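See below for run-v3.cif, which holds mmCIF, C-alpha atoms.
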```cif
data_data
loop_
_atom_site.label_atom_id
_atom_site.label_comp_id
_atom_site.auth_asym_id
_atom_site.auth_seq_id
_atom_site.Cartn_x
_atom_site.Cartn_y
_atom_site.Cartn_z
CA MET A 1 0.00 0.00 0.00
CA SER A 2 1.45 3.38 -1.04
CA GLN A 3 2.24 5.98 1.59
CA PRO A 4 0.17 9.18 1.59
CA LYS A 5 1.77 12.19 -0.07
CA VAL A 6 3.29 14.69 2.34
CA VAL A 7 2.18 18.21 1.40
CA VAL A 8 3.21 21.62 2.76
CA VAL A 9 0.92 24.57 1.97
CA THR A 10 1.95 28.09 2.99
CA GLY A 11 -0.56 30.67 4.15
CA VAL A 12 -3.51 28.52 5.24
CA SER A 13 -5.17 30.96 7.65
CA SER A 14 -7.94 31.74 5.14
CA GLY A 15 -8.97 31.83 1.49
CA ILE A 16 -7.18 29.82 -1.17
CA GLY A 17 -4.57 28.39 1.20
CA ARG A 18 -7.12 27.10 3.68
CA ALA A 19 -9.33 25.58 0.97
CA THR A 20 -6.28 23.96 -0.64
CA ALA A 21 -5.04 22.39 2.60
CA GLU A 22 -8.52 21.00 3.28
CA MET A 23 -8.73 19.54 -0.23
CA PHE A 24 -5.36 17.81 0.05
CA ALA A 25 -6.46 16.33 3.39
CA LYS A 26 -9.63 14.99 1.77
CA GLN A 27 -7.42 13.35 -0.87
CA GLY A 28 -5.75 11.38 1.92
CA CYS A 29 -2.52 13.40 2.00
CA GLN A 30 -0.56 14.18 5.14
CA VAL A 31 -0.88 17.96 5.16
CA PHE A 32 1.10 20.65 6.95
CA GLY A 33 -0.23 24.19 6.69
CA THR A 34 1.81 27.23 7.64
CA VAL A 35 0.49 30.26 9.54
CA ARG A 36 2.31 33.16 11.15
CA ASN A 37 0.64 32.66 14.53
CA ILE A 38 -1.01 29.37 15.49
CA ALA A 39 -2.75 30.92 18.51
CA LYS A 40 -4.69 33.27 16.23
CA ASN A 41 -5.89 30.55 13.83
CA ARG A 42 -8.75 28.10 14.00
CA PRO A 43 -7.83 24.40 13.82
CA LEU A 44 -8.07 22.88 10.36
CA PRO A 45 -9.37 19.28 10.26
CA GLY A 46 -6.77 16.88 8.88
CA VAL A 47 -4.08 19.58 8.73
CA GLN A 48 -1.12 20.02 11.08
CA LEU A 49 -0.55 23.74 11.52
CA VAL A 50 3.06 24.93 11.46
CA GLU A 51 4.10 28.36 12.72
CA MET A 52 6.18 29.93 9.97
CA ASP A 53 6.69 33.41 8.51
CA VAL A 54 7.82 33.22 4.87
CA ARG A 55 9.53 36.62 5.29
CA ASP A 56 11.93 35.27 7.92
CA ASN A 57 14.80 32.93 6.95
CA ASP A 58 15.12 31.30 10.36
CA SER A 59 11.36 30.86 10.71
CA VAL A 60 11.21 29.09 7.33
CA LYS A 61 14.10 26.79 8.22
CA ARG A 62 12.48 25.90 11.57
CA GLY A 63 9.11 25.27 9.90
CA ILE A 64 10.50 22.92 7.26
CA GLN A 65 12.63 21.12 9.85
CA PHE A 66 9.47 20.63 11.95
CA VAL A 67 7.81 18.92 8.98
CA MET A 68 10.84 16.74 8.22
CA GLU A 69 11.11 15.56 11.82
CA ARG A 70 7.51 14.36 11.71
CA ALA A 71 7.05 13.17 8.12
CA LYS A 72 10.66 12.34 7.04
CA LEU A 73 10.00 13.65 3.52
CA ILE A 74 8.13 16.34 1.57
CA ASP A 75 6.44 15.37 -1.69
CA VAL A 76 4.70 18.66 -2.48
CA LEU A 77 5.31 22.31 -1.59
CA VAL A 78 2.53 24.78 -2.41
CA ASN A 79 3.75 28.37 -2.19
CA ASN A 80 0.48 30.20 -1.62
CA ALA A 81 1.24 32.93 0.95
CA GLY A 82 0.93 36.37 -0.61
CA VAL A 83 0.00 40.03 -0.13
CA ALA A 84 -1.32 42.78 -2.42
CA MET A 85 -1.66 46.56 -2.42
CA LEU A 86 -3.68 49.02 -4.51
CA GLY A 87 -2.05 52.20 -5.79
CA ALA A 88 -0.37 53.82 -8.77
CA ALA A 89 3.28 52.91 -9.22
CA GLU A 90 4.22 56.54 -8.48
CA GLU A 91 2.28 56.40 -5.21
CA LEU A 92 3.85 53.30 -3.71
CA ALA A 93 6.66 53.83 -1.25
CA ILE A 94 9.76 51.72 -1.85
CA ASP A 95 9.20 50.06 1.54
CA GLU A 96 5.68 49.04 0.43
CA ALA A 97 7.09 47.54 -2.76
CA LYS A 98 9.76 45.72 -0.73
CA TRP A 99 7.02 44.35 1.58
CA MET A 100 5.22 42.80 -1.40
CA PHE A 101 8.38 41.39 -2.97
CA ASP A 102 9.59 40.04 0.38
CA THR A 103 6.42 37.95 0.74
CA ASN A 104 5.40 37.15 -2.83
CA VAL A 105 8.82 36.51 -4.38
CA PHE A 106 11.49 36.07 -1.71
CA GLY A 107 9.02 34.09 0.43
CA ILE A 108 8.76 31.55 -2.39
CA LEU A 109 12.54 31.53 -2.78
CA ARG A 110 13.07 30.96 0.96
CA THR A 111 10.64 28.05 1.22
CA SER A 112 11.85 26.47 -2.03
CA GLN A 113 15.48 26.68 -0.90
CA ALA A 114 14.53 25.08 2.43
CA VAL A 115 12.62 22.22 0.79
CA LEU A 116 14.79 21.48 -2.25
CA PRO A 117 17.67 19.70 -0.43
CA HIS A 118 15.15 17.14 0.84
CA MET A 119 13.48 16.75 -2.56
CA ARG A 120 16.86 16.36 -4.27
CA ALA A 121 17.87 13.69 -1.75
CA GLN A 122 14.68 11.71 -2.33
CA ARG A 123 14.90 12.31 -6.15
CA SER A 124 11.30 13.45 -6.41
CA GLY A 125 8.98 16.33 -5.60
CA ARG A 126 6.60 18.94 -6.93
CA ILE A 127 6.63 22.67 -6.19
CA VAL A 128 3.46 24.58 -7.06
CA ASN A 129 3.73 28.36 -7.01
CA VAL A 130 0.50 30.34 -6.85
CA SER A 131 0.85 33.20 -9.31
CA SER A 132 -2.04 35.15 -10.88
CA VAL A 133 -3.40 36.20 -14.26
CA LEU A 134 -1.55 39.41 -13.35
CA GLY A 135 1.62 37.39 -13.84
CA PHE A 136 1.05 37.62 -17.59
CA LEU A 137 -1.22 40.70 -17.83
CA PRO A 138 -0.82 44.37 -16.88
CA ALA A 139 -2.79 45.65 -13.91
CA PRO A 140 -3.41 49.41 -13.54
CA TYR A 141 -3.06 50.49 -9.92
CA MET A 142 -1.77 47.04 -8.99
CA GLY A 143 1.53 47.39 -10.82
CA LEU A 144 3.91 46.30 -8.07
CA TYR A 145 1.72 43.31 -7.17
CA SER A 146 1.70 42.41 -10.86
CA ALA A 147 5.49 42.84 -10.92
CA THR A 148 5.85 40.32 -8.09
CA LYS A 149 3.76 37.80 -10.00
CA HIS A 150 5.70 38.38 -13.22
CA ALA A 151 8.83 37.67 -11.15
CA VAL A 152 7.27 34.47 -9.77
CA GLU A 153 6.54 33.31 -13.32
CA GLY A 154 10.12 33.84 -14.49
CA MET A 155 11.62 32.29 -11.37
CA SER A 156 9.33 29.25 -11.59
CA GLU A 157 10.08 28.51 -15.25
CA THR A 158 13.81 28.82 -14.62
CA LEU A 159 13.73 26.75 -11.42
CA ASP A 160 11.92 23.96 -13.25
CA GLN A 161 14.74 23.85 -15.81
CA GLU A 162 17.29 23.49 -13.01
CA VAL A 163 15.68 20.88 -10.76
CA ARG A 164 14.05 18.45 -13.17
CA GLN A 165 17.37 16.52 -13.28
CA PHE A 166 16.60 15.52 -9.67
CA GLY A 167 13.05 14.32 -10.38
CA VAL A 168 11.58 17.60 -9.11
CA ARG A 169 9.16 19.70 -11.19
CA VAL A 170 7.78 23.19 -10.72
CA SER A 171 4.33 24.39 -11.80
CA LEU A 172 2.37 27.65 -11.77
CA VAL A 173 -1.29 28.19 -10.91
CA GLU A 174 -2.71 31.47 -12.25
CA PRO A 175 -6.06 32.44 -10.68
CA GLY A 176 -8.18 35.43 -11.62
CA PHE A 177 -10.36 37.35 -9.16
CA THR A 178 -11.29 35.10 -6.24
CA LYS A 179 -13.59 35.75 -3.31
CA SER A 180 -10.87 35.85 -0.66
CA ASN A 181 -9.30 38.14 1.91
CA LEU A 182 -6.37 38.92 -0.40
CA ASP A 183 -8.56 40.41 -3.13
CA ALA A 184 -11.18 41.91 -0.81
CA ASN A 185 -8.98 43.51 1.86
CA SER A 186 -5.88 44.73 0.03
CA PRO A 187 -4.55 47.95 1.60
CA GLU A 188 -3.96 51.10 -0.44
CA ALA A 189 -0.65 52.91 -0.91
CA SER A 190 0.00 55.38 1.89
CA ASN A 191 1.25 58.22 -0.34
CA LYS A 192 -1.87 59.18 -2.31
CA ILE A 193 -1.34 61.63 -5.19
CA PRO A 194 -4.49 63.66 -6.06
CA ALA A 195 -3.89 63.40 -9.81
CA TYR A 196 -4.56 59.64 -9.62
CA GLU A 197 -7.55 59.87 -7.27
CA ALA A 198 -10.39 59.50 -9.79
CA ASP A 199 -8.95 56.54 -11.68
CA ARG A 200 -7.75 54.87 -8.46
CA LYS A 201 -11.29 54.99 -7.09
CA ARG A 202 -12.66 53.57 -10.36
CA VAL A 203 -10.20 50.67 -10.18
CA SER A 204 -10.94 50.09 -6.49
CA ASN A 205 -14.68 49.95 -7.22
CA ALA A 206 -14.13 47.63 -10.18
CA VAL A 207 -11.97 45.29 -8.08
CA ALA A 208 -14.62 45.21 -5.34
CA LYS A 209 -17.33 44.45 -7.90
CA ASN A 210 -15.28 41.68 -9.53
CA VAL A 211 -14.43 40.11 -6.17
CA GLY A 212 -18.09 40.27 -5.14
CA THR A 213 -19.14 38.22 -8.15
CA ALA A 214 -16.04 35.99 -8.26
CA PRO A 215 -16.11 32.30 -7.38
CA GLY A 216 -14.89 31.16 -3.97
CA PRO A 217 -11.45 29.63 -3.43
CA ASP A 218 -12.52 26.01 -4.05
CA SER A 219 -12.03 26.25 -7.82
CA VAL A 220 -8.47 27.50 -7.36
CA ALA A 221 -7.85 24.85 -4.69
CA ASN A 222 -8.98 22.14 -7.12
CA THR A 223 -6.55 23.46 -9.71
CA ILE A 224 -3.68 23.51 -7.21
CA VAL A 225 -4.34 19.92 -6.12
CA ALA A 226 -4.45 18.79 -9.77
CA ALA A 227 -1.19 20.65 -10.49
CA ALA A 228 0.46 18.98 -7.50
CA LEU A 229 -0.78 15.41 -7.89
CA GLY A 230 -1.51 15.10 -11.62
CA ALA A 231 0.62 14.95 -14.74
CA TRP A 232 3.13 17.80 -14.88
CA ARG A 233 2.66 20.90 -16.95
CA MET A 234 3.98 24.37 -16.30
CA ARG A 235 0.83 26.52 -16.25
CA HIS A 236 -2.59 25.80 -14.79
CA THR A 237 -5.47 28.30 -14.97
CA PRO A 238 -8.74 27.65 -13.11
CA LYS A 239 -11.81 27.31 -15.31
CA GLY A 240 -13.72 30.50 -16.06
CA GLN A 241 -12.27 34.00 -16.14
CA ALA A 242 -8.63 33.00 -15.63
CA SER A 243 -8.69 30.43 -18.43
CA LEU A 244 -10.42 32.90 -20.77
CA LEU A 245 -7.86 35.63 -20.03
CA ALA A 246 -4.99 33.24 -20.73
CA LYS A 247 -6.50 32.44 -24.14
CA LEU A 248 -7.12 36.12 -24.91
CA ARG A 249 -3.53 37.02 -24.06
CA ARG A 250 -2.21 34.24 -26.25
CA PHE A 251 -4.40 34.55 -29.32
CA MET A 252 -5.88 38.08 -29.52
CA PRO A 253 -4.08 41.18 -30.85
CA ALA A 254 -2.62 43.47 -28.17
CA GLY A 255 -5.00 46.37 -28.90
CA PRO A 256 -8.29 44.60 -28.12
CA VAL A 257 -6.75 42.93 -25.06
CA ASP A 258 -5.63 46.33 -23.77
CA GLN A 259 -9.10 47.82 -24.30
CA SER A 260 -10.79 44.88 -22.61
CA LEU A 261 -8.51 45.15 -19.59
CA ARG A 262 -9.09 48.87 -19.17
CA LYS A 263 -12.83 48.30 -19.36
CA SER A 264 -12.69 45.53 -16.73
CA PHE A 265 -10.81 47.91 -14.38
CA GLY A 266 -13.35 50.69 -14.94
CA LEU A 267 -11.02 52.88 -17.03
CA SER A 268 -11.91 54.65 -20.28
#
```

Serialized structure, structure tokens:
Amino acid sequence: MSQPKVVVVTGVSSGIGRATAEMFAKQGCQVFGTVRNIAKNRPLPGVQLVEMDVRDNDSVKRGIQFVMERAKLIDVLVNNAGVAMLGAAEELAIDEAKWMFDTNVFGILRTSQAVLPHMRAQRSGRIVNVSSVLGFLPAPYMGLYSATKHAVEGMSETLDQEVRQFGVRVSLVEPGFTKSNLDANSPEASNKIPAYEADRKRVSNAVAKNVGTAPGPDSVANTIVAAALGAWRMRHTPKGQASLLAKLRRFMPAGPVDQSLRKSFGLS
């Protein structure tokens, strides 16, 4: 009888991460879910919570060591933890941009570097990085968030080239708007410039409207589980808006895509 897959999912306190951890548990996997503070999180049935901050090198090393001491191996790493911020590129402070990159990009690098020695030793593994449709599309007033996801896409494709010799593969999951805390509660840049006020408000209202009508995190969670446990391919887009946007980007001329995006963000 085969042993259950050992899965680590980062950022399981709510939203996509929580739904994903639950879905892996239902598949019979041994699941470890990371949170920054266990005391502030509700228990998750079938999931062992691990206290870990992806922005802290030592915290990541301790978290992965905790998993290895209990499970002896790691088959799947899902890099889900992420943050976002709304604001024009000119409005964002450098420290705010660093905050996003530290979580969304360097957080993935930290956890991958902590897990890869174990995957290389066992000659197998799958790393699934949660990106976004904004990893291949522009995003007015979410430019630095989009930049982090573009970085995740490039890093993931390159990492896959490097580690496949060890039986390890890397995949991307690219969701669109999802009814989750990340999309619904993103803070705004602290340095607001009046010249951007009208368009920023239009984009904020459009984001709120899209999140309000978006599907819940289960669809993305399903896609992540399939990317982790199914046949390898680099990119996975959940059915619906994300899949449509990927096709539009690939097959439609740039002009109509640009117009469609501006309309979806409430811009003329």

Selection near range 57-66 of chain A, 8 Å with only C-alpha atoms, sequence-local residues under 2 positions removed, as a list of chain:residue names: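 Once the adjacent positions are removed, what remains is A:Thr34, A:Val50, A:Glu51, A:Met52, A:Asp53, A:Val54, A:Arg55, A:Met68, A:Glu69, A:Arg70, A:Arg110, A:Thr111, A:Ala114, A:Val115.
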
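The residue that comes closest to Asn222 in chain A, out of A:Gly135, A:Gly28, A:Pro256, A:Pro175 and on the basis of only C-alpha atoms, is A:Pro175.
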
Expected selection from the PyMOL selection byres ((chain A and resi 17) around 10), given as a count of residues only: 29

Residue among A:Ala25, A:Pro194, A:Leu137, A:Val67 lying closest to Val47 in chain A, counting all atoms listed in the file: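 When distances to Val47 in chain A are compared using all atoms listed in the file, the smallest one comes from A:Ala25.
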
Option closest in space to Lys72 in chain A, from A:Trp232, A:Glu153, A:Gln122, A:Met142 [counting all atoms listed in the file]: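 Residue with the minimum atom-to-atom distance to Lys72 in chain A: A:Gln122.
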
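Between Leu73 in chain A and the candidates A:Met85, A:Leu116, A:Leu44, A:Leu92, the tightest atom-to-atom separation, counting only C-alpha atoms, involves A:Leu116.
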
Test item: residues at most 12 Å from Lys209 in chain A, only C-alpha atoms, excluding those fewer than 6 positions along its chain, as a list of chain:residue names: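 Here the qualifying residues turn out to be A:Phe177, A:Thr178, A:Lys179, A:Asp183, A:Ala184, A:Arg202, A:Val203, A:Ser264, A:Phe265, A:Gly266.
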
With N, CA, C and O atoms retained, output range 15-48 of chain A as a PDB file, in the first residue's frame.
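Result written to decode-v5.pdb:
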```pdb
ATOM      1  N   GLY A  15      -8.960  31.742   2.943  1.00  0.00           N
ATOM      2  CA  GLY A  15      -8.969  31.834   1.487  1.00  0.00           C
ATOM      3  C   GLY A  15      -8.455  30.610   0.759  1.00  0.00           C
ATOM      4  O   GLY A  15      -8.720  29.461   1.122  1.00  0.00           O
ATOM      5  N   ILE A  16      -7.671  30.878  -0.294  1.00  0.00           N
ATOM      6  CA  ILE A  16      -7.181  29.817  -1.174  1.00  0.00           C
ATOM      7  C   ILE A  16      -6.324  28.812  -0.411  1.00  0.00           C
ATOM      8  O   ILE A  16      -6.448  27.596  -0.593  1.00  0.00           O
ATOM      9  N   GLY A  17      -5.452  29.297   0.454  1.00  0.00           N
ATOM     10  CA  GLY A  17      -4.572  28.392   1.197  1.00  0.00           C
ATOM     11  C   GLY A  17      -5.344  27.432   2.071  1.00  0.00           C
ATOM     12  O   GLY A  17      -5.045  26.232   2.114  1.00  0.00           O
ATOM     13  N   ARG A  18      -6.334  27.944   2.787  1.00  0.00           N
ATOM     14  CA  ARG A  18      -7.124  27.103   3.683  1.00  0.00           C
ATOM     15  C   ARG A  18      -7.914  26.065   2.885  1.00  0.00           C
ATOM     16  O   ARG A  18      -7.941  24.879   3.240  1.00  0.00           O
ATOM     17  N   ALA A  19      -8.555  26.507   1.804  1.00  0.00           N
ATOM     18  CA  ALA A  19      -9.328  25.576   0.973  1.00  0.00           C
ATOM     19  C   ALA A  19      -8.432  24.514   0.359  1.00  0.00           C
ATOM     20  O   ALA A  19      -8.813  23.342   0.244  1.00  0.00           O
ATOM     21  N   THR A  20      -7.226  24.903  -0.033  1.00  0.00           N
ATOM     22  CA  THR A  20      -6.285  23.958  -0.644  1.00  0.00           C
ATOM     23  C   THR A  20      -5.826  22.910   0.360  1.00  0.00           C
ATOM     24  O   THR A  20      -5.785  21.708   0.052  1.00  0.00           O
ATOM     25  N   ALA A  21      -5.476  23.342   1.565  1.00  0.00           N
ATOM     26  CA  ALA A  21      -5.041  22.395   2.595  1.00  0.00           C
ATOM     27  C   ALA A  21      -6.152  21.395   2.902  1.00  0.00           C
ATOM     28  O   ALA A  21      -5.898  20.184   3.036  1.00  0.00           O
ATOM     29  N   GLU A  22      -7.379  21.880   3.026  1.00  0.00           N
ATOM     30  CA  GLU A  22      -8.521  20.995   3.284  1.00  0.00           C
ATOM     31  C   GLU A  22      -8.699  19.982   2.169  1.00  0.00           C
ATOM     32  O   GLU A  22      -8.986  18.798   2.415  1.00  0.00           O
ATOM     33  N   MET A  23      -8.521  20.435   0.915  1.00  0.00           N
ATOM     34  CA  MET A  23      -8.727  19.545  -0.230  1.00  0.00           C
ATOM     35  C   MET A  23      -7.660  18.459  -0.293  1.00  0.00           C
ATOM     36  O   MET A  23      -7.946  17.298  -0.609  1.00  0.00           O
ATOM     37  N   PHE A  24      -6.418  18.822   0.004  1.00  0.00           N
ATOM     38  CA  PHE A  24      -5.361  17.806   0.053  1.00  0.00           C
ATOM     39  C   PHE A  24      -5.656  16.785   1.148  1.00  0.00           C
ATOM     40  O   PHE A  24      -5.449  15.580   0.955  1.00  0.00           O
ATOM     41  N   ALA A  25      -6.137  17.244   2.295  1.00  0.00           N
ATOM     42  CA  ALA A  25      -6.462  16.329   3.393  1.00  0.00           C
ATOM     43  C   ALA A  25      -7.558  15.352   2.974  1.00  0.00           C
ATOM     44  O   ALA A  25      -7.499  14.158   3.296  1.00  0.00           O
ATOM     45  N   LYS A  26      -8.547  15.859   2.246  1.00  0.00           N
ATOM     46  CA  LYS A  26      -9.635  14.991   1.770  1.00  0.00           C
ATOM     47  C   LYS A  26      -9.136  13.968   0.758  1.00  0.00           C
ATOM     48  O   LYS A  26      -9.758  12.917   0.569  1.00  0.00           O
ATOM     49  N   GLN A  27      -8.021  14.294   0.078  1.00  0.00           N
ATOM     50  CA  GLN A  27      -7.418  13.348  -0.873  1.00  0.00           C
ATOM     51  C   GLN A  27      -6.587  12.279  -0.162  1.00  0.00           C
ATOM     52  O   GLN A  27      -6.001  11.414  -0.815  1.00  0.00           O
ATOM     53  N   GLY A  28      -6.507  12.365   1.162  1.00  0.00           N
ATOM     54  CA  GLY A  28      -5.747  11.384   1.921  1.00  0.00           C
ATOM     55  C   GLY A  28      -4.297  11.735   2.131  1.00  0.00           C
ATOM     56  O   GLY A  28      -3.506  10.892   2.587  1.00  0.00           O
ATOM     57  N   CYS A  29      -3.914  12.968   1.823  1.00  0.00           N
ATOM     58  CA  CYS A  29      -2.524  13.397   2.002  1.00  0.00           C
ATOM     59  C   CYS A  29      -2.250  13.735   3.468  1.00  0.00           C
ATOM     60  O   CYS A  29      -3.160  14.057   4.232  1.00  0.00           O
ATOM     61  N   GLN A  30      -0.996  13.673   3.835  1.00  0.00           N
ATOM     62  CA  GLN A  30      -0.564  14.176   5.136  1.00  0.00           C
ATOM     63  C   GLN A  30      -0.200  15.642   4.929  1.00  0.00           C
ATOM     64  O   GLN A  30       0.785  15.952   4.248  1.00  0.00           O
ATOM     65  N   VAL A  31      -0.968  16.542   5.514  1.00  0.00           N
ATOM     66  CA  VAL A  31      -0.879  17.960   5.163  1.00  0.00           C
ATOM     67  C   VAL A  31      -0.357  18.793   6.335  1.00  0.00           C
ATOM     68  O   VAL A  31      -0.838  18.677   7.460  1.00  0.00           O
ATOM     69  N   PHE A  32       0.600  19.651   6.018  1.00  0.00           N
ATOM     70  CA  PHE A  32       1.105  20.646   6.954  1.00  0.00           C
ATOM     71  C   PHE A  32       0.797  22.025   6.368  1.00  0.00           C
ATOM     72  O   PHE A  32       1.139  22.295   5.212  1.00  0.00           O
ATOM     73  N   GLY A  33       0.138  22.864   7.159  1.00  0.00           N
ATOM     74  CA  GLY A  33      -0.227  24.186   6.689  1.00  0.00           C
ATOM     75  C   GLY A  33       0.435  25.255   7.526  1.00  0.00           C
ATOM     76  O   GLY A  33       0.377  25.209   8.759  1.00  0.00           O
ATOM     77  N   THR A  34       1.077  26.221   6.883  1.00  0.00           N
ATOM     78  CA  THR A  34       1.806  27.231   7.638  1.00  0.00           C
ATOM     79  C   THR A  34       0.949  28.462   7.909  1.00  0.00           C
ATOM     80  O   THR A  34       0.160  28.895   7.072  1.00  0.00           O
ATOM     81  N   VAL A  35       1.127  29.010   9.109  1.00  0.00           N
ATOM     82  CA  VAL A  35       0.486  30.256   9.537  1.00  0.00           C
ATOM     83  C   VAL A  35       1.520  31.043  10.330  1.00  0.00           C
ATOM     84  O   VAL A  35       2.456  30.475  10.885  1.00  0.00           O
ATOM     85  N   ARG A  36       1.334  32.354  10.409  1.00  0.00           N
ATOM     86  CA  ARG A  36       2.311  33.160  11.154  1.00  0.00           C
ATOM     87  C   ARG A  36       2.137  33.031  12.661  1.00  0.00           C
ATOM     88  O   ARG A  36       3.099  33.167  13.407  1.00  0.00           O
ATOM     89  N   ASN A  37       0.894  32.761  13.095  1.00  0.00           N
ATOM     90  CA  ASN A  37       0.636  32.660  14.530  1.00  0.00           C
ATOM     91  C   ASN A  37      -0.443  31.609  14.764  1.00  0.00           C
ATOM     92  O   ASN A  37      -1.611  31.844  14.463  1.00  0.00           O
ATOM     93  N   ILE A  38      -0.059  30.459  15.285  1.00  0.00           N
ATOM     94  CA  ILE A  38      -1.010  29.366  15.487  1.00  0.00           C
ATOM     95  C   ILE A  38      -2.112  29.773  16.460  1.00  0.00           C
ATOM     96  O   ILE A  38      -3.284  29.430  16.267  1.00  0.00           O
ATOM     97  N   ALA A  39      -1.762  30.533  17.491  1.00  0.00           N
ATOM     98  CA  ALA A  39      -2.753  30.923  18.515  1.00  0.00           C
ATOM     99  C   ALA A  39      -3.896  31.736  17.942  1.00  0.00           C
ATOM    100  O   ALA A  39      -4.997  31.743  18.496  1.00  0.00           O
ATOM    101  N   LYS A  40      -3.664  32.418  16.828  1.00  0.00           N
ATOM    102  CA  LYS A  40      -4.693  33.268  16.232  1.00  0.00           C
ATOM    103  C   LYS A  40      -5.476  32.569  15.126  1.00  0.00           C
ATOM    104  O   LYS A  40      -6.300  33.194  14.447  1.00  0.00           O
ATOM    105  N   ASN A  41      -5.233  31.278  14.922  1.00  0.00           N
ATOM    106  CA  ASN A  41      -5.886  30.551  13.832  1.00  0.00           C
ATOM    107  C   ASN A  41      -6.748  29.410  14.348  1.00  0.00           C
ATOM    108  O   ASN A  41      -6.396  28.746  15.321  1.00  0.00           O
ATOM    109  N   ARG A  42      -7.869  29.223  13.682  1.00  0.00           N
ATOM    110  CA  ARG A  42      -8.754  28.103  14.005  1.00  0.00           C
ATOM    111  C   ARG A  42      -8.111  26.798  13.543  1.00  0.00           C
ATOM    112  O   ARG A  42      -7.441  26.761  12.517  1.00  0.00           O
ATOM    113  N   PRO A  43      -8.327  25.704  14.280  1.00  0.00           N
ATOM    114  CA  PRO A  43      -7.825  24.402  13.821  1.00  0.00           C
ATOM    115  C   PRO A  43      -8.412  24.058  12.444  1.00  0.00           C
ATOM    116  O   PRO A  43      -9.511  24.485  12.096  1.00  0.00           O
ATOM    117  N   LEU A  44      -7.661  23.283  11.701  1.00  0.00           N
ATOM    118  CA  LEU A  44      -8.067  22.880  10.357  1.00  0.00           C
ATOM    119  C   LEU A  44      -8.095  21.354  10.331  1.00  0.00           C
ATOM    120  O   LEU A  44      -7.048  20.715  10.461  1.00  0.00           O
ATOM    121  N   PRO A  45      -9.276  20.745  10.199  1.00  0.00           N
ATOM    122  CA  PRO A  45      -9.365  19.277  10.258  1.00  0.00           C
ATOM    123  C   PRO A  45      -8.439  18.594   9.263  1.00  0.00           C
ATOM    124  O   PRO A  45      -8.405  18.952   8.087  1.00  0.00           O
ATOM    125  N   GLY A  46      -7.662  17.646   9.747  1.00  0.00           N
ATOM    126  CA  GLY A  46      -6.768  16.876   8.880  1.00  0.00           C
ATOM    127  C   GLY A  46      -5.486  17.589   8.500  1.00  0.00           C
ATOM    128  O   GLY A  46      -4.704  17.083   7.703  1.00  0.00           O
ATOM    129  N   VAL A  47      -5.262  18.779   9.079  1.00  0.00           N
ATOM    130  CA  VAL A  47      -4.085  19.579   8.727  1.00  0.00           C
ATOM    131  C   VAL A  47      -3.296  19.913   9.992  1.00  0.00           C
ATOM    132  O   VAL A  47      -3.855  20.414  10.969  1.00  0.00           O
ATOM    133  N   GLN A  48      -2.012  19.636   9.979  1.00  0.00           N
ATOM    134  CA  GLN A  48      -1.120  20.015  11.078  1.00  0.00           C
ATOM    135  C   GLN A  48      -0.622  21.431  10.823  1.00  0.00           C
ATOM    136  O   GLN A  48       0.077  21.698   9.849  1.00  0.00           O
TER     137      GLN A  48
END
```
